[in-house]
file final_16.tsv (TSV, C-alpha atoms (C1' of nucleotides))
chain	number	residue	atom	x	y	z
A	1	MET	CA	13.02	-21.64	-1.60
A	2	GLN	CA	10.07	-24.04	-1.97
A	3	GLN	CA	11.41	-26.84	0.20
A	4	VAL	CA	13.47	-25.39	3.00
A	5	GLU	CA	13.35	-27.40	6.19
A	6	ARG	CA	12.97	-25.82	9.60
A	7	HIS	CA	16.59	-26.18	10.51
A	8	THR	CA	17.61	-23.94	7.63
A	9	LEU	CA	14.91	-21.40	8.42
A	10	ARG	CA	16.25	-21.19	11.96
A	11	GLU	CA	19.75	-20.55	10.63
A	12	LEU	CA	18.55	-17.82	8.29
A	13	ILE	CA	16.80	-16.09	11.16
A	14	VAL	CA	19.82	-16.36	13.47
A	15	GLU	CA	22.16	-15.12	10.74
A	16	SER	CA	20.03	-11.99	10.45
A	17	GLY	CA	20.69	-11.29	14.09
A	18	LEU	CA	17.25	-12.25	15.38
A	19	LYS	CA	16.30	-14.74	18.07
A	20	ALA	CA	14.95	-17.87	16.45
A	21	THR	CA	11.71	-18.24	18.35
A	22	HIS	CA	9.09	-20.79	17.44
A	23	GLN	CA	6.78	-18.03	16.20
A	24	ARG	CA	9.40	-16.59	13.89
A	25	ILE	CA	10.20	-19.96	12.42
A	26	VAL	CA	6.60	-20.78	11.62
A	27	VAL	CA	5.89	-17.30	10.25
A	28	TYR	CA	8.86	-17.58	7.94
A	29	GLU	CA	7.77	-21.08	6.96
A	30	ALA	CA	4.27	-19.85	6.19
A	31	LEU	CA	5.69	-17.10	3.99
A	32	THR	CA	7.71	-19.54	1.90
A	33	LEU	CA	4.69	-21.83	1.62
A	34	LEU	CA	2.36	-19.01	0.63
A	35	HIS	CA	4.99	-17.16	-1.40
A	36	SER	CA	2.94	-17.10	-4.57
A	37	HIS	CA	0.11	-15.45	-2.65
A	38	HIS	CA	2.19	-12.60	-1.26
A	39	PRO	CA	0.12	-12.85	1.87
A	40	THR	CA	-0.94	-10.14	4.29
A	41	ALA	CA	-0.23	-10.44	8.02
A	42	GLU	CA	-3.78	-11.60	8.53
A	43	GLU	CA	-3.47	-14.32	5.90
A	44	VAL	CA	-0.29	-15.59	7.52
A	45	HIS	CA	-2.03	-15.61	10.88
A	46	LEU	CA	-5.03	-17.48	9.47
A	47	HIS	CA	-2.73	-20.03	7.93
A	48	LEU	CA	-0.87	-20.60	11.19
A	49	LYS	CA	-3.76	-20.68	13.64
A	50	PRO	CA	-4.85	-24.32	13.20
A	51	GLU	CA	-1.38	-25.65	14.05
A	52	ASN	CA	-0.42	-22.84	16.41
A	53	PRO	CA	-3.60	-21.74	18.15
A	54	SER	CA	-1.83	-19.44	20.58
A	55	ILE	CA	0.06	-17.28	18.06
A	56	SER	CA	-1.29	-13.76	18.08
A	57	LEU	CA	-1.94	-11.49	15.14
A	58	GLY	CA	0.08	-8.76	16.82
A	59	THR	CA	3.10	-11.02	16.93
A	60	VAL	CA	2.71	-11.82	13.25
A	61	TYR	CA	2.72	-8.09	12.49
A	62	LYS	CA	5.79	-7.52	14.64
A	63	THR	CA	7.56	-10.54	13.22
A	64	LEU	CA	6.98	-9.48	9.63
A	65	ASP	CA	8.26	-6.01	10.45
A	66	SER	CA	11.44	-7.45	12.00
A	67	PHE	CA	11.97	-9.65	8.97
A	68	VAL	CA	11.65	-6.69	6.62
A	69	ASP	CA	14.08	-4.66	8.74
A	70	ALA	CA	16.51	-7.59	8.73
A	71	GLU	CA	16.04	-7.87	4.95
A	72	LEU	CA	15.01	-11.50	5.28
A	73	ILE	CA	11.83	-10.77	3.36
A	74	ARG	CA	10.46	-7.78	1.51
A	75	ARG	CA	7.23	-5.87	1.30
A	76	VAL	CA	5.38	-6.19	-1.95
A	77	LEU	CA	4.30	-3.03	-3.67
A	78	THR	CA	0.56	-2.79	-3.90
A	79	GLU	CA	-2.04	-0.44	-5.31
A	80	GLU	CA	-4.64	-1.67	-2.89
A	81	GLY	CA	-3.18	-0.06	0.17
A	82	GLY	CA	-2.59	-3.20	2.20
A	83	LYS	CA	0.75	-4.64	3.28
A	84	ARG	CA	1.82	-7.83	1.56
A	85	TYR	CA	4.99	-9.79	2.11
A	86	ASP	CA	7.31	-11.85	-0.06
A	87	ALA	CA	9.90	-14.34	1.16
A	88	ASN	CA	11.51	-14.33	-2.27
A	89	ILE	CA	14.13	-11.61	-2.07
A	90	THR	CA	15.90	-12.54	-5.31
A	91	ALA	CA	15.45	-10.15	-8.21
A	92	HIS	CA	12.04	-10.67	-9.74
A	93	SER	CA	9.12	-8.61	-10.92
A	94	HIS	CA	5.42	-8.62	-10.22
A	95	ILE	CA	2.29	-8.43	-12.28
A	96	TYR	CA	-0.78	-6.91	-10.73
A	97	CYS	CA	-4.05	-8.21	-12.09
A	98	SER	CA	-6.65	-5.46	-11.89
A	99	ASN	CA	-9.44	-8.03	-12.19
A	100	THR	CA	-8.54	-10.45	-9.45
A	101	ARG	CA	-6.38	-8.00	-7.49
A	102	GLU	CA	-3.69	-10.64	-7.23
A	103	VAL	CA	0.03	-10.00	-7.36
A	104	ILE	CA	1.68	-12.64	-9.51
A	105	ASP	CA	5.40	-13.32	-9.70
A	106	TYR	CA	7.01	-12.57	-13.00
A	107	GLU	CA	10.45	-14.10	-13.30
A	108	ASP	CA	12.29	-13.04	-16.41
A	109	THR	CA	16.06	-13.26	-16.22
A	110	GLU	CA	16.48	-11.52	-19.57
A	111	LEU	CA	14.54	-8.54	-18.25
A	112	GLU	CA	16.45	-8.46	-14.95
A	113	GLN	CA	19.72	-8.61	-16.89
A	114	LEU	CA	18.62	-5.82	-19.22
A	115	LEU	CA	17.87	-3.58	-16.26
A	116	THR	CA	20.98	-4.57	-14.31
A	117	ASP	CA	23.07	-3.59	-17.31
A	118	TYR	CA	21.12	-0.39	-17.77
A	119	PHE	CA	21.55	0.77	-14.19
A	120	LYS	CA	25.19	-0.28	-14.17
A	121	LYS	CA	26.02	2.50	-16.61
A	122	ARG	CA	23.31	4.94	-15.60
A	123	ARG	CA	23.56	6.08	-12.00
A	124	VAL	CA	20.65	8.00	-10.56
A	125	GLU	CA	21.56	11.42	-9.17
A	126	ASN	CA	21.66	11.80	-5.39
A	127	PHE	CA	20.47	8.28	-5.00
A	128	GLU	CA	22.00	5.04	-3.89
A	129	ILE	CA	19.90	2.36	-5.55
A	130	LYS	CA	19.45	-0.78	-3.53
A	131	SER	CA	17.07	-2.68	-5.75
A	132	PHE	CA	14.68	-2.32	-8.62
A	133	SER	CA	11.77	-4.25	-9.96
A	134	VAL	CA	9.33	-3.94	-12.78
A	135	GLN	CA	5.67	-3.65	-11.98
A	136	LEU	CA	3.32	-4.77	-14.70
A	137	THR	CA	-0.37	-4.04	-14.50
A	138	GLY	CA	-2.94	-5.79	-16.60
A	139	LYS	CA	-5.62	-8.39	-16.82
A	140	LYS	CA	-5.32	-12.11	-16.69
A	141	VAL	CA	-6.54	-13.79	-19.86
A	142	GLU	CA	-7.57	-17.34	-19.05
A	143	PRO	CA	-6.37	-19.90	-21.56
A	144	ASP	CA	-8.95	-22.55	-22.57
A	145	LYS	CA	-7.38	-25.32	-20.54
A	146	GLN	CA	-7.94	-23.32	-17.39
A	147	ILE	CA	-11.71	-23.54	-17.77
A	148	SER	CA	-11.70	-26.54	-15.48
A	149	ILE	CA	-14.19	-28.30	-13.25
A	150	SER	CA	-13.52	-25.97	-10.36
A	151	ARG	CA	-14.79	-23.13	-12.51
A	152	LEU	CA	-17.91	-24.91	-13.67
A	153	ILE	CA	-18.95	-25.94	-10.17
A	154	LYS	CA	-19.15	-22.38	-8.97
B	155	MET	CA	0.90	19.42	-16.21
B	156	GLN	CA	2.37	22.01	-13.82
B	157	GLN	CA	0.35	24.99	-14.97
B	158	VAL	CA	-3.08	23.87	-16.03
B	159	GLU	CA	-5.78	26.42	-15.41
B	160	ARG	CA	-9.18	25.54	-13.98
B	161	HIS	CA	-10.95	25.72	-17.29
B	162	THR	CA	-8.81	22.90	-18.64
B	163	LEU	CA	-9.23	20.84	-15.50
B	164	ARG	CA	-12.99	21.13	-15.88
B	165	GLU	CA	-12.76	19.91	-19.47
B	166	LEU	CA	-10.62	16.93	-18.51
B	167	ILE	CA	-13.15	15.93	-15.87
B	168	VAL	CA	-16.11	16.31	-18.22
B	169	GLU	CA	-14.34	14.37	-20.97
B	170	SER	CA	-13.94	11.48	-18.56
B	171	GLY	CA	-17.71	11.39	-18.17
B	172	LEU	CA	-17.83	12.92	-14.70
B	173	LYS	CA	-19.74	15.92	-13.46
B	174	ALA	CA	-17.39	18.84	-13.04
B	175	THR	CA	-18.27	19.86	-9.52
B	176	HIS	CA	-16.33	22.43	-7.59
B	177	GLN	CA	-14.95	19.72	-5.30
B	178	ARG	CA	-13.67	17.64	-8.17
B	179	ILE	CA	-11.99	20.60	-9.78
B	180	VAL	CA	-10.14	21.59	-6.64
B	181	VAL	CA	-9.18	18.01	-5.82
B	182	TYR	CA	-7.73	17.57	-9.28
B	183	GLU	CA	-5.99	20.91	-8.99
B	184	ALA	CA	-4.49	19.90	-5.64
B	185	LEU	CA	-3.20	16.69	-7.16
B	186	THR	CA	-1.41	18.48	-9.95
B	187	LEU	CA	0.02	20.98	-7.47
B	188	LEU	CA	1.18	18.28	-5.08
B	189	HIS	CA	2.12	15.86	-7.84
B	190	SER	CA	5.67	15.43	-6.65
B	191	HIS	CA	4.35	14.45	-3.23
B	192	HIS	CA	2.07	11.70	-4.47
B	193	PRO	CA	-0.32	12.70	-1.73
B	194	THR	CA	-2.73	10.58	0.25
B	195	ALA	CA	-6.43	11.48	0.46
B	196	GLU	CA	-5.79	13.05	3.82
B	197	GLU	CA	-2.97	15.21	2.49
B	198	VAL	CA	-5.18	16.44	-0.34
B	199	HIS	CA	-7.91	17.24	2.17
B	200	LEU	CA	-5.48	19.09	4.43
B	201	HIS	CA	-4.23	21.09	1.47
B	202	LEU	CA	-7.75	22.05	0.42
B	203	LYS	CA	-9.30	22.88	3.79
B	204	PRO	CA	-8.02	26.46	4.20
B	205	GLU	CA	-9.55	27.58	0.89
B	206	ASN	CA	-12.49	25.18	0.97
B	207	PRO	CA	-13.45	24.73	4.61
B	208	SER	CA	-16.59	22.75	3.83
B	209	ILE	CA	-15.02	20.00	1.72
B	210	SER	CA	-15.21	16.69	3.50
B	211	LEU	CA	-12.57	13.99	3.72
B	212	GLY	CA	-15.14	11.43	2.60
B	213	THR	CA	-15.71	13.36	-0.60
B	214	VAL	CA	-11.98	13.50	-1.24
B	215	TYR	CA	-11.82	9.71	-0.91
B	216	LYS	CA	-14.78	9.23	-3.24
B	217	THR	CA	-13.45	11.75	-5.73
B	218	LEU	CA	-10.04	10.11	-5.91
B	219	ASP	CA	-11.69	6.73	-6.45
B	220	SER	CA	-13.80	8.11	-9.29
B	221	PHE	CA	-10.74	9.67	-10.88
B	222	VAL	CA	-8.85	6.36	-10.72
B	223	ASP	CA	-11.83	4.53	-12.25
B	224	ALA	CA	-12.02	7.16	-14.97
B	225	GLU	CA	-8.25	6.80	-15.51
B	226	LEU	CA	-7.78	10.50	-14.96
B	227	ILE	CA	-5.19	9.75	-12.29
B	228	ARG	CA	-3.51	6.63	-11.00
B	229	ARG	CA	-2.73	5.05	-7.69
B	230	VAL	CA	0.90	4.99	-6.79
B	231	LEU	CA	2.35	1.67	-5.75
B	232	THR	CA	3.66	1.84	-2.24
B	233	GLU	CA	5.45	-0.42	0.21
B	234	GLU	CA	3.99	1.46	3.13
B	235	GLY	CA	0.47	0.25	2.73
B	236	GLY	CA	-1.28	3.60	2.28
B	237	LYS	CA	-3.05	4.85	-0.81
B	238	ARG	CA	-1.25	7.56	-2.73
B	239	TYR	CA	-2.32	9.27	-5.92
B	240	ASP	CA	-0.56	10.65	-8.95
B	241	ALA	CA	-2.06	13.04	-11.50
B	242	ASN	CA	0.78	12.25	-13.89
B	243	ILE	CA	-0.50	9.34	-15.95
B	244	THR	CA	2.25	9.47	-18.56
B	245	ALA	CA	4.82	6.67	-18.47
B	246	HIS	CA	7.25	7.28	-15.68
B	247	SER	CA	8.90	5.43	-12.86
B	248	HIS	CA	9.22	5.96	-9.16
B	249	ILE	CA	12.00	5.79	-6.64
B	250	TYR	CA	11.13	4.90	-3.08
B	251	CYS	CA	13.47	6.31	-0.48
B	252	SER	CA	13.61	3.94	2.45
B	253	ASN	CA	14.96	6.70	4.68
B	254	THR	CA	12.40	9.42	4.13
B	255	ARG	CA	9.64	7.10	2.87
B	256	GLU	CA	9.04	9.43	-0.02
B	257	VAL	CA	8.10	8.37	-3.50
B	258	ILE	CA	10.06	10.43	-6.00
B	259	ASP	CA	9.33	10.64	-9.71
B	260	TYR	CA	11.97	9.19	-11.95
B	261	GLU	CA	11.52	10.24	-15.56
B	262	ASP	CA	13.86	8.48	-17.93
B	263	THR	CA	12.68	8.27	-21.51
B	264	GLU	CA	15.57	5.99	-22.49
B	265	LEU	CA	14.45	3.50	-19.85
B	266	GLU	CA	10.79	3.73	-20.83
B	267	GLN	CA	11.75	3.16	-24.45
B	268	LEU	CA	13.95	0.19	-23.56
B	269	LEU	CA	11.06	-1.45	-21.75
B	270	THR	CA	8.46	-0.55	-24.36
B	271	ASP	CA	10.66	-2.22	-26.98
B	272	TYR	CA	11.24	-5.20	-24.73
B	273	PHE	CA	7.56	-5.83	-24.06
B	274	LYS	CA	6.67	-5.23	-27.69
B	275	LYS	CA	8.46	-8.42	-28.68
B	276	ARG	CA	7.95	-10.35	-25.47
B	277	ARG	CA	4.31	-10.93	-24.62
B	278	VAL	CA	3.52	-12.24	-21.17
B	279	GLU	CA	1.57	-15.50	-21.16
B	280	ASN	CA	-2.11	-15.34	-20.25
B	281	PHE	CA	-1.78	-11.67	-19.58
B	282	GLU	CA	-2.88	-8.51	-21.27
B	283	ILE	CA	-0.43	-5.87	-20.11
B	284	LYS	CA	-1.88	-2.41	-19.68
B	285	SER	CA	1.09	-0.60	-18.23
B	286	PHE	CA	4.43	-1.10	-16.59
B	287	SER	CA	6.71	0.92	-14.45
B	288	VAL	CA	10.04	0.50	-12.79
B	289	GLN	CA	10.26	0.78	-9.05
B	290	LEU	CA	13.62	1.72	-7.67
B	291	THR	CA	14.31	1.43	-3.98
B	292	GLY	CA	17.21	3.10	-2.28
B	293	LYS	CA	18.44	5.91	-0.16
B	294	LYS	CA	18.72	9.54	-0.96
B	295	VAL	CA	22.29	10.77	-0.81
B	296	GLU	CA	22.24	14.45	-0.01
B	297	PRO	CA	24.60	16.53	-2.11
B	298	ASP	CA	26.70	19.04	-0.13
B	299	LYS	CA	24.54	22.01	-0.99
B	300	GLN	CA	21.61	20.34	0.67
B	301	ILE	CA	23.31	20.31	4.06
B	302	SER	CA	21.48	23.46	4.97
B	303	ILE	CA	20.58	25.29	8.13
B	304	SER	CA	17.48	23.21	8.69
B	305	ARG	CA	19.71	20.17	9.05
B	306	LEU	CA	22.12	21.78	11.46
B	307	ILE	CA	19.43	23.07	13.77
B	308	LYS	CA	18.11	19.61	14.55
C	309	DC	C1'	19.51	-14.53	34.39
C	310	DT	C1'	18.62	-10.93	31.27
C	311	DG	C1'	16.73	-8.80	27.56
C	312	DC	C1'	14.27	-9.48	23.66
C	313	DG	C1'	9.90	-11.49	22.12
C	314	DT	C1'	5.00	-12.73	22.89
C	315	DG	C1'	-0.03	-12.39	23.88
C	316	DC	C1'	-3.63	-9.65	24.81
C	317	DA	C1'	-6.49	-5.86	24.58
C	318	DA	C1'	-7.06	-1.23	23.75
C	319	DA	C1'	-6.16	2.53	20.76
C	320	DA	C1'	-5.01	4.72	16.60
C	321	DA	C1'	-5.02	5.10	11.59
C	322	DG	C1'	-7.04	4.66	7.39
C	323	DT	C1'	-11.06	3.82	4.56
C	324	DT	C1'	-15.89	2.82	3.47
C	325	DT	C1'	-20.79	3.28	3.87
C	326	DG	C1'	-25.64	5.05	4.40
C	327	DC	C1'	-28.51	8.56	4.07
C	328	DA	C1'	-30.63	13.16	3.72
C	329	DC	C1'	-29.65	17.14	1.28
C	330	DC	C1'	-27.68	19.74	-2.66
C	331	DT	C1'	-26.20	20.91	-7.58
C	332	DG	C1'	-24.58	20.43	-12.39
C	333	DT	C1'	-26.48	19.35	-16.63
D	334	DA	C1'	-36.25	17.83	-12.78
D	335	DC	C1'	-33.35	14.33	-11.60
D	336	DA	C1'	-29.29	11.58	-11.59
D	337	DG	C1'	-25.40	11.89	-9.52
D	338	DG	C1'	-22.43	14.17	-5.99
D	339	DT	C1'	-21.70	15.96	-1.23
D	340	DG	C1'	-21.29	16.30	3.92
D	341	DC	C1'	-21.52	14.07	8.00
D	342	DA	C1'	-21.17	10.53	11.22
D	343	DA	C1'	-20.97	5.91	12.17
D	344	DA	C1'	-18.99	1.58	11.13
D	345	DC	C1'	-15.34	-1.18	9.62
D	346	DT	C1'	-10.72	-2.74	8.53
D	347	DT	C1'	-6.03	-2.68	9.24
D	348	DT	C1'	-2.08	-1.67	11.95
D	349	DT	C1'	0.24	-0.05	16.14
D	350	DT	C1'	1.10	0.28	20.99
D	351	DG	C1'	1.72	-0.67	26.08
D	352	DC	C1'	2.47	-3.78	29.38
D	353	DA	C1'	2.92	-8.10	32.15
D	354	DC	C1'	4.71	-12.46	31.39
D	355	DG	C1'	7.73	-16.02	29.00
D	356	DC	C1'	11.66	-18.03	26.85
D	357	DA	C1'	16.10	-18.15	23.87
D	358	DG	C1'	20.76	-17.29	24.34
call {"tool": "encode", "arguments": {"input": "final_16.tsv", "output": "structure tokens"}}
result
Amino acid sequence: MQQVERHTLRELIVESGLKATHQRIVVYEALTLLHSHHPTAEEVHLHLKPENPSISLGTVYKTLDSFVDAELIRRVLTEEGGKRYDANITAHSHIYCSNTREVIDYEDTELEQLLTDYFKKRRVENFEIKSFSVQLTGKKVEPDKQISISRLIK
Amino acid sequence: MQQVERHTLRELIVESGLKATHQRIVVYEALTLLHSHHPTAEEVHLHLKPENPSISLGTVYKTLDSFVDAELIRRVLTEEGGKRYDANITAHSHIYCSNTREVIDYEDTELEQLLTDYFKKRRVENFEIKSFSVQLTGKKVEPDKQISISRLIK
DNA sequence: CTGCGTGCAAAAAGTTTGCACCTGT
DNA sequence: ACAGGTGCAAACTTTTTGCACGCAG
């Protein structure tokens, strides 16, 4: 997902039944670039403004909504109450750091497999499950090596 | 949790180091009553108004924040972007219905145990995990008996 | 050329804050 | 008595909406 060129983004958008406008392409591109940030609409807009001064925040909101509807991207669950978006729609989990309020990707194929197997045999009553993910909450513990210059400058 | 009388609620609040004011007691009570709704601050306020006309929405917001800080209740993760609260702080998971936008409790001790065991042996790097929960997303499938008059009227 | 998408600005929703007054301990 | 909590209203943040214009198919 890291290095997808514009041509492919356009195709993905068209395949979802949406018009591939310039705005949609750059919003999608921004999401893949900022994927580890799980950005808000405003963060996407901020990121795009320098290169695309005319793009409006309203359009970013509408675009993200269309993408979610089209299942091109997904909303990230959050305790904070804001809307965050994730271009990575493959099965993966998230860790919420209650200190920094970040949402960090947690990719663990063994865990995904464990749950896939579990839900294969155990159906939930009156419910058609589309996806599942594990939400971990905790606190980042900085390893020594991460006490770098950027920290000391502050 | 269903049937906790006011005396006990008061004790829980005091034990968390908070003053047991009338407002806090009724807010907590409302949360336990509406627990399956995972209400927002506004829904709690609406529920309380008839019996407590003078309680202000601002106080409900502040009270819920204090309760979360005191770990008396927890925020419910949501895709919608609003803040929802849950008085049930025991390990349990949630199902999000993309049709009705409800968050439904999913209690499955086998699942909780599976995950507890899994995370007991597998520590997450640079992270101190405090809690985890599984988020299922899907669509409610109404069983026949639920096709009731209210549906046909529409 | 046609309808969906965009930009803009205003409005609505949701949440926080400041401050004078009140109340549990 | 006094620290902490409450009510109220204003401010702020975030998201949605309506509409005239623009552009992809």
call {"tool": "residues_around", "arguments": {"input": "final_16.tsv", "residues": "A:Gly17", "least_positions_apart": "6", "cutoff": "12 Å", "atoms": "all atoms listed in the file", "output": "CSV table (one decimal) with C-alpha atoms (C1' of nucleotides), in the frame of the given file"}}
result
chain,number,residue,atom,x,y,z
A,10,ARG,CA,16.2,-21.2,12.0
A,11,GLU,CA,19.8,-20.6,10.6
A,66,SER,CA,11.4,-7.4,12.0
A,67,PHE,CA,12.0,-9.6,9.0
A,69,ASP,CA,14.1,-4.7,8.7
A,70,ALA,CA,16.5,-7.6,8.7
A,71,GLU,CA,16.0,-7.9,5.0
A,72,LEU,CA,15.0,-11.5,5.3
C,312,DC,C1',14.3,-9.5,23.7
D,358,DG,C1',20.8,-17.3,24.3
call {"tool": "atom_distance", "arguments": {"input": "final_16.tsv", "atom1": "atom CA of A:Glu79", "atom2": "atom CA of A:Lys120"}}
result
28.6 Å
call {"tool": "interface_residues", "arguments": {"input": "final_16.tsv", "of": "chain A", "to": "chain D", "cutoff": "12 Å", "atoms": "all atoms listed in the file", "output": "ChimeraX atom specification"}}
result
/A:14,17-23,40-42,57-62,65,81-83
call {"tool": "atom_distance", "arguments": {"input": "final_16.tsv", "atom1": "atom CA of B:Glu279", "atom2": "atom CA of A:His92"}}
result
16.2 Å
call {"tool": "atom_distance", "arguments": {"input": "final_16.tsv", "atom1": "atom CA of B:Ser190", "atom2": "atom CA of A:Thr78"}}
result
19.1 Å
call {"tool": "interface_residues", "arguments": {"input": "final_16.tsv", "of": "chain C", "to": "chain A", "cutoff": "8 Å", "atoms": "all atoms listed in the file", "output": "ChimeraX atom specification"}}
result
/C:312-315
call {"tool": "closest_residue", "arguments": {"input": "final_16.tsv", "among": "B:Leu202, B:Leu269, B:Leu185, B:Ile258", "to": "B:Phe286", "atoms": "only C-alpha atoms"}}
result
B:Leu269
